[in-house]
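*Asks:* Before we start, here is the structure in question, set down as structure tokens.
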Amino acid sequence: MFKWKKSADLDSNTFFKSWQAYTVLVLAMGAMMFFGVCQPDGGTQWVPGGSAAAVDGVEVGAMEFRRAHIALSNQMQQQYRDKFDPVAMRVAEQTLNSIVDNLTLFVEASRNGFYASDEELDKVILEGDYFKGQNGQFDPELFQRFLKSQGHTERSFTDELRRNIVSSKLRTFVTSTYRGSEKVAEVNYMIDQTKLNIDFLRLDPNLVPIKIESAEIEKFLKDGGEAKVKDYYEKNKSEFVQEQKVKARHILIAYKDARAASGDAVKRSKEEAKALASKVEAEAKAPAANFAKLAEKYTDEAAGKAKGGDLGFFRKDQMVKEFADVAFSLQPGQVSNVVETPFGFHIIRVDGLQEPKSVSLEQAKNEIAEKLIAKDKKPKLLEEKATALLAALKEGKGQGELAALGIAWKETGDFNMGARVIPGGLGPDPELRQAVLALKKPGEISPKALAVNGSHYILRLKSRTDADLSKMDAKEKEQMLSSSRFMEAYSLYTSLTGGLRSRYEQAKKIYRNPEYLQYDAKMRGPGES
């Protein structure tokens, strides 16, 4: 259980320990659930096609929905026992809403500078107890078994884990940094009414090109680098070994008895669907046909209408057999004949092929060594570049350096002194906040470049408007006292979640796939009570 407490700043070490333990616990509990390949063949459960939900372009797929649905179903089944009814209790809808809430928090946290580095991901995976073998060390085979049982790839797992970490950081930050009621009203007023606007430069590692000579690679390998290279190879197998994949678009014409049929498709007979599919096939094969536009017009897949039928890259085992056999037989640019599956009739166009790749450790050795050397050298080189640029700017120069680097000043816009998160992408870092508050006169530049999450920042005060205490009346003073009292952290966090969801809904940045709302009813099947 979380321990809520008042804190002016966030202790990153304490914070890491808390979210690391929480995240690994969730993973361990989730790992008790076993999944097969997510398709209707072979007796395994199915889920609808396409993305389950998306927030501002960030998508969650079928397998993540299924994992969350099973977790919630198990929880509710334990609570309600024989009275548990997933359809009546709208488990699918609750699952989808929970996914949207978590995704909204991740998107908002990312927009405000919260970040999960690769090192943090490694720490959770490698140091968490769940993936340790009998020797107490990280066990790659155990980790791979976990991925397979959960229907995960290494990429999908780390993407989901990264979102969990970032969202947890935002949750912990919000609930541990609010000001307590001990603060005097005048101080709160000054903090809330003093307005700042900051110009800043962000230098990231990509700005530092590094050329590694072959002699340097040889020396690195001789001086103990072989073990580091092997370790990298074992932890990043997906970079070097991958199955064949196809990138395709499709148009689905469903009918009333087809699996997961919804919307207008339920009014269509199978014969009508087949006739329409043949018509669409002819249009798709016409010279200069725009397949994406045809998908937007005809497809019965909700996500496909928004994405022009785009399925992205997929492996053969990720699709039902009838669909996969045809897709993997086509060449880029080819359009299929009508393909029948349990979901209806499909017209498929292949856009690209990704051939199988298998690169041995020996073949990849030099490439990995070069990458590791560059990773070690970049922080120092970036710091040197940032320090030199800062010195030039303080002398009234630096324009040529900015142009050469391809960067320009960015502006945060006005924000109050008490803001927990500095807008414009600067985020919640305590050192950045302190450096911002130390700037007093417009045009003043921070005394040093600040290193945050692998990048370096140079700050410059654009404007500062200090609060005028004489303008604070009795009513405002009472409001300040009231707002500074201790608030229940859970209520604060719930309020934040609801507000964000409402804002993103109004901006039409949230998508819920309606087919997933029917998941419980479809799984129960017709005629079951």
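Ordered as shown in the structure tokens, chains take letters A, B, and onward, while each chain numbers its residues from 1 and ligands are numbered from 1 in the order shown.
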May I have the residues within 9 Å of A:Glu411 as a ChimeraX atom specification, using only C-alpha atoms and disregarding those fewer than 4 positions away in the same chain?
*Replies:* /A:197-200,423-424,462
*Asks:* Between A:Ile70, A:Val241, A:Met89, A:Ile191, which residue has the minimum interatomic distance to A:Lys357, considering only C-alpha atoms?
*Replies:*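 With only C-alpha atoms as the atom set, the closest residue is A:Val241.
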*Asks:* Select from stretch 92-130 of chain A every residue with an atom at most 10 Å from any atom of stretch 148-171 of chain A, then for each give the shortest pair of atoms and their distance in Å to one decimal, using only C-alpha atoms, rows by chain and rising number, as CSV.
*Replies:*
```
residue,atom,partner,partner_atom,distance
A:Asn102,CA,A:Ser167,CA,7.1
A:Leu103,CA,A:Arg163,CA,7.6
A:Thr104,CA,A:Ser167,CA,9.0
A:Leu105,CA,A:Ser167,CA,5.8
A:Phe106,CA,A:Ser167,CA,5.0
A:Val107,CA,A:Ser167,CA,8.6
A:Glu108,CA,A:Ser167,CA,8.8
A:Ala109,CA,A:Leu170,CA,6.0
A:Ser110,CA,A:Val166,CA,7.3
A:Asn112,CA,A:Leu170,CA,9.4
A:Gly113,CA,A:Val166,CA,9.7
A:Phe114,CA,A:Val166,CA,6.1
A:Tyr115,CA,A:Val166,CA,5.8
A:Ala116,CA,A:Val166,CA,5.8
A:Ser117,CA,A:Arg162,CA,8.2
A:Asp118,CA,A:Arg162,CA,8.7
A:Glu120,CA,A:Ile165,CA,8.7
A:Leu121,CA,A:Arg162,CA,6.9
A:Asp122,CA,A:Thr158,CA,9.3
A:Val124,CA,A:Leu161,CA,9.0
A:Ile125,CA,A:Thr158,CA,9.2
```
*Asks:* Could you tell me which of A:Val91, A:Ile212, A:Val58, A:Leu496 comes closest to A:Lys378 if we count only C-alpha atoms?
*Replies:*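 Between A:Val91, A:Ile212, A:Val58, A:Leu496, the residue approaching A:Lys378 most closely is A:Ile212.
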*Asks:* List as a ChimeraX atom specification the protein and nucleic acid residues near A:Ser336, meaning an atom at most 7 Å away when only C-alpha atoms are counted, but skip any in the same chain fewer than 4 places from it.
*Replies:* /A:347-349
*Asks:* Could the residues in this selection be written to a file with all heavy atoms, as a compact mmCIF listing (two decimals), in the first residue's frame?
*Replies:*
```
# COMPACT_ATOMS: atom_id res chain seq x y z
N ILE A 347 -9.95 -8.01 -48.35
CA ILE A 347 -9.10 -7.69 -49.48
C ILE A 347 -7.81 -7.17 -48.87
O ILE A 347 -7.83 -6.23 -48.05
CB ILE A 347 -9.71 -6.66 -50.43
CG1 ILE A 347 -11.03 -7.19 -51.01
CG2 ILE A 347 -8.74 -6.32 -51.55
CD1 ILE A 347 -12.24 -6.81 -50.23
N ILE A 348 -6.69 -7.77 -49.24
CA ILE A 348 -5.41 -7.48 -48.59
C ILE A 348 -4.45 -6.85 -49.60
O ILE A 348 -4.36 -7.31 -50.75
CB ILE A 348 -4.77 -8.77 -48.04
CG1 ILE A 348 -5.74 -9.52 -47.13
CG2 ILE A 348 -3.46 -8.46 -47.30
CD1 ILE A 348 -5.32 -10.95 -46.83
N ARG A 349 -3.74 -5.83 -49.16
CA ARG A 349 -2.64 -5.30 -49.97
C ARG A 349 -1.38 -5.30 -49.13
O ARG A 349 -1.36 -4.74 -48.02
CB ARG A 349 -2.89 -3.88 -50.46
CG ARG A 349 -1.84 -3.44 -51.50
CD ARG A 349 -1.92 -1.96 -51.82
NE ARG A 349 -1.36 -1.16 -50.73
CZ ARG A 349 -1.39 0.17 -50.71
NH1 ARG A 349 -1.98 0.83 -51.68
NH2 ARG A 349 -0.87 0.83 -49.69
```
*Asks:* Which polymer residues have any atom within 7 Å of an atom of stretch 253-268 of chain A, counting only C-alpha atoms, with same-chain residues fewer than 5 positions away left out, as a short mmCIF file (atom, residue, chain, number, x, y, z; two decimals) with N, CA, C and O atoms, in the first residue's frame?
*Replies:*
```
data_model
loop_
_atom_site.label_atom_id
_atom_site.label_comp_id
_atom_site.auth_asym_id
_atom_site.auth_seq_id
_atom_site.Cartn_x
_atom_site.Cartn_y
_atom_site.Cartn_z
N PRO A 48 -11.07 -9.08 -30.52
CA PRO A 48 -11.29 -8.39 -31.80
C PRO A 48 -9.98 -7.90 -32.40
O PRO A 48 -8.97 -7.79 -31.73
N ALA A 273 -22.44 -9.65 -48.38
CA ALA A 273 -21.06 -9.30 -48.02
C ALA A 273 -20.08 -9.76 -49.09
O ALA A 273 -19.15 -9.04 -49.47
N ALA A 277 -17.69 -7.46 -51.32
CA ALA A 277 -16.25 -7.68 -51.29
C ALA A 277 -15.68 -7.81 -52.70
O ALA A 277 -14.59 -7.29 -53.00
N THR A 299 -14.33 -0.55 -45.09
CA THR A 299 -14.03 -1.57 -44.08
C THR A 299 -14.98 -1.53 -42.91
O THR A 299 -15.44 -0.45 -42.49
N ASP A 300 -15.27 -2.70 -42.36
CA ASP A 300 -16.12 -2.80 -41.17
C ASP A 300 -15.30 -2.88 -39.88
O ASP A 300 -15.86 -3.08 -38.80
N PRO A 342 -13.12 -16.36 -40.48
CA PRO A 342 -14.29 -16.30 -39.59
C PRO A 342 -14.80 -14.88 -39.34
O PRO A 342 -15.93 -14.70 -38.88
N PHE A 343 -14.00 -13.87 -39.64
CA PHE A 343 -14.41 -12.49 -39.40
C PHE A 343 -15.14 -11.88 -40.59
O PHE A 343 -15.70 -10.79 -40.47
N GLY A 344 -15.11 -12.55 -41.76
CA GLY A 344 -15.78 -12.02 -42.95
C GLY A 344 -14.89 -12.18 -44.16
O GLY A 344 -14.08 -13.11 -44.26
N PHE A 345 -15.05 -11.24 -45.10
CA PHE A 345 -14.29 -11.27 -46.35
C PHE A 345 -13.27 -10.13 -46.35
O PHE A 345 -13.60 -8.98 -46.01
N HIS A 346 -12.04 -10.43 -46.73
CA HIS A 346 -10.95 -9.46 -46.70
C HIS A 346 -10.38 -9.25 -48.10
O HIS A 346 -10.30 -10.18 -48.91
N GLU A 515 -15.75 -2.63 -30.72
CA GLU A 515 -15.82 -4.08 -30.78
C GLU A 515 -15.38 -4.72 -29.46
O GLU A 515 -15.87 -5.78 -29.09
#
```
*Asks:* Would you please give, as a ChimeraX atom specification, all residues of stretch 118-332 of chain A that DSSP assigns to strand (DSSP E or B) based on the backbone?
*Replies:* /A:132,138,195-203,241-242,245-253,310-314
*Asks:* Run DSSP on the backbone and grab whatever in stretch 235-279 of chain A lands in helix (DSSP H, G or I); send it over as a list in words.
*Replies:*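 Restricting stretch 235-279 of chain A to helix (DSSP H, G or I) produces Lys235, Lys237, Ser238, Glu239, Gly263, Asp264, Ala265, Val266, Lys267, Lys270, Glu271, Glu272, Ala273, Lys274, Ala275, Leu276, Ala277, Ser278 and Lys279 of chain A.
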*Asks:* Just write the chosen residues, N, CA, C and O atoms, as a PDB file, in the first residue's frame.
*Replies:*
```pdb
ATOM      1  N   LYS A 235      20.830  -9.667 -24.050  1.00  0.00           N
ATOM      2  CA  LYS A 235      19.697  -8.876 -23.563  1.00  0.00           C
ATOM      3  C   LYS A 235      18.899  -8.233 -24.687  1.00  0.00           C
ATOM      4  O   LYS A 235      17.792  -7.721 -24.455  1.00  0.00           O
ATOM      5  N   LYS A 237      18.321  -9.680 -27.975  1.00  0.00           N
ATOM      6  CA  LYS A 237      18.277 -10.678 -29.043  1.00  0.00           C
ATOM      7  C   LYS A 237      17.376 -10.236 -30.198  1.00  0.00           C
ATOM      8  O   LYS A 237      17.619 -10.585 -31.361  1.00  0.00           O
ATOM      9  N   SER A 238      16.312  -9.490 -29.890  1.00  0.00           N
ATOM     10  CA  SER A 238      15.369  -9.109 -30.939  1.00  0.00           C
ATOM     11  C   SER A 238      16.010  -8.223 -32.000  1.00  0.00           C
ATOM     12  O   SER A 238      15.501  -8.117 -33.114  1.00  0.00           O
ATOM     13  N   GLU A 239      17.133  -7.571 -31.681  1.00  0.00           N
ATOM     14  CA  GLU A 239      17.848  -6.759 -32.669  1.00  0.00           C
ATOM     15  C   GLU A 239      18.548  -7.627 -33.704  1.00  0.00           C
ATOM     16  O   GLU A 239      18.800  -7.189 -34.828  1.00  0.00           O
ATOM     17  N   GLY A 263     -22.034  -2.879 -35.929  1.00  0.00           N
ATOM     18  CA  GLY A 263     -22.467  -1.772 -36.773  1.00  0.00           C
ATOM     19  C   GLY A 263     -23.335  -2.237 -37.934  1.00  0.00           C
ATOM     20  O   GLY A 263     -24.193  -3.121 -37.804  1.00  0.00           O
ATOM     21  N   ASP A 264     -23.104  -1.638 -39.108  1.00  0.00           N
ATOM     22  CA  ASP A 264     -23.913  -1.961 -40.295  1.00  0.00           C
ATOM     23  C   ASP A 264     -23.722  -3.409 -40.751  1.00  0.00           C
ATOM     24  O   ASP A 264     -24.579  -3.959 -41.448  1.00  0.00           O
ATOM     25  N   ALA A 265     -22.599  -4.024 -40.370  1.00  0.00           N
ATOM     26  CA  ALA A 265     -22.314  -5.381 -40.825  1.00  0.00           C
ATOM     27  C   ALA A 265     -23.360  -6.379 -40.348  1.00  0.00           C
ATOM     28  O   ALA A 265     -23.636  -7.378 -41.026  1.00  0.00           O
ATOM     29  N   VAL A 266     -23.976  -6.149 -39.191  1.00  0.00           N
ATOM     30  CA  VAL A 266     -24.944  -7.102 -38.657  1.00  0.00           C
ATOM     31  C   VAL A 266     -26.251  -7.099 -39.454  1.00  0.00           C
ATOM     32  O   VAL A 266     -27.097  -7.977 -39.280  1.00  0.00           O
ATOM     33  N   LYS A 267     -26.428  -6.118 -40.316  1.00  0.00           N
ATOM     34  CA  LYS A 267     -27.629  -6.057 -41.164  1.00  0.00           C
ATOM     35  C   LYS A 267     -27.391  -6.735 -42.516  1.00  0.00           C
ATOM     36  O   LYS A 267     -28.296  -6.815 -43.338  1.00  0.00           O
ATOM     37  N   LYS A 270     -24.459 -12.967 -45.627  1.00  0.00           N
ATOM     38  CA  LYS A 270     -23.163 -13.426 -46.121  1.00  0.00           C
ATOM     39  C   LYS A 270     -23.062 -13.242 -47.627  1.00  0.00           C
ATOM     40  O   LYS A 270     -21.999 -12.856 -48.150  1.00  0.00           O
ATOM     41  N   GLU A 271     -24.157 -13.507 -48.333  1.00  0.00           N
ATOM     42  CA  GLU A 271     -24.135 -13.362 -49.792  1.00  0.00           C
ATOM     43  C   GLU A 271     -23.926 -11.904 -50.178  1.00  0.00           C
ATOM     44  O   GLU A 271     -23.180 -11.588 -51.124  1.00  0.00           O
ATOM     45  N   GLU A 272     -24.600 -10.999 -49.470  1.00  0.00           N
ATOM     46  CA  GLU A 272     -24.438  -9.558 -49.748  1.00  0.00           C
ATOM     47  C   GLU A 272     -23.009  -9.116 -49.463  1.00  0.00           C
ATOM     48  O   GLU A 272     -22.432  -8.309 -50.205  1.00  0.00           O
ATOM     49  N   ALA A 273     -22.436  -9.651 -48.383  1.00  0.00           N
ATOM     50  CA  ALA A 273     -21.063  -9.296 -48.024  1.00  0.00           C
ATOM     51  C   ALA A 273     -20.082  -9.765 -49.090  1.00  0.00           C
ATOM     52  O   ALA A 273     -19.153  -9.037 -49.473  1.00  0.00           O
ATOM     53  N   LYS A 274     -20.291 -10.969 -49.588  1.00  0.00           N
ATOM     54  CA  LYS A 274     -19.384 -11.515 -50.608  1.00  0.00           C
ATOM     55  C   LYS A 274     -19.469 -10.697 -51.892  1.00  0.00           C
ATOM     56  O   LYS A 274     -18.443 -10.417 -52.545  1.00  0.00           O
ATOM     57  N   ALA A 275     -20.678 -10.301 -52.268  1.00  0.00           N
ATOM     58  CA  ALA A 275     -20.853  -9.486 -53.474  1.00  0.00           C
ATOM     59  C   ALA A 275     -20.177  -8.124 -53.313  1.00  0.00           C
ATOM     60  O   ALA A 275     -19.507  -7.628 -54.238  1.00  0.00           O
ATOM     61  N   LEU A 276     -20.351  -7.531 -52.144  1.00  0.00           N
ATOM     62  CA  LEU A 276     -19.716  -6.234 -51.894  1.00  0.00           C
ATOM     63  C   LEU A 276     -18.198  -6.375 -51.899  1.00  0.00           C
ATOM     64  O   LEU A 276     -17.482  -5.516 -52.444  1.00  0.00           O
ATOM     65  N   ALA A 277     -17.694  -7.460 -51.321  1.00  0.00           N
ATOM     66  CA  ALA A 277     -16.248  -7.682 -51.288  1.00  0.00           C
ATOM     67  C   ALA A 277     -15.680  -7.809 -52.696  1.00  0.00           C
ATOM     68  O   ALA A 277     -14.593  -7.289 -52.997  1.00  0.00           O
ATOM     69  N   SER A 278     -16.402  -8.477 -53.580  1.00  0.00           N
ATOM     70  CA  SER A 278     -15.947  -8.618 -54.969  1.00  0.00           C
ATOM     71  C   SER A 278     -15.900  -7.256 -55.658  1.00  0.00           C
ATOM     72  O   SER A 278     -14.977  -6.964 -56.431  1.00  0.00           O
ATOM     73  N   LYS A 279     -16.886  -6.423 -55.379  1.00  0.00           N
ATOM     74  CA  LYS A 279     -16.909  -5.060 -55.929  1.00  0.00           C
ATOM     75  C   LYS A 279     -15.706  -4.254 -55.433  1.00  0.00           C
ATOM     76  O   LYS A 279     -15.017  -3.563 -56.210  1.00  0.00           O
TER      77      LYS A 279
END
```
*Asks:* With only C-alpha atoms as the atoms that count, which of A:Gly499, A:Pro430, A:Gly443, A:Pro205 lies nearest to A:Ala386?
*Replies:*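 For A:Ala386, the nearest of the candidates is A:Pro205.
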*Asks:* Which residue is closest to A:Met417? Choose from A:Leu361, A:Leu439, A:Ala295, A:Leu126 and count only C-alpha atoms.
*Replies:*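 Smallest separation from A:Met417 among the options: A:Leu439.
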*Asks:* Any idea what's packed within 9 Å of A:Arg90, counting only C-alpha atoms, ignoring anything in its chain fewer than 4 positions away? Could you give it as a PyMOL selection string?
*Replies:* chain A and resi 85-86+94-95+517+520
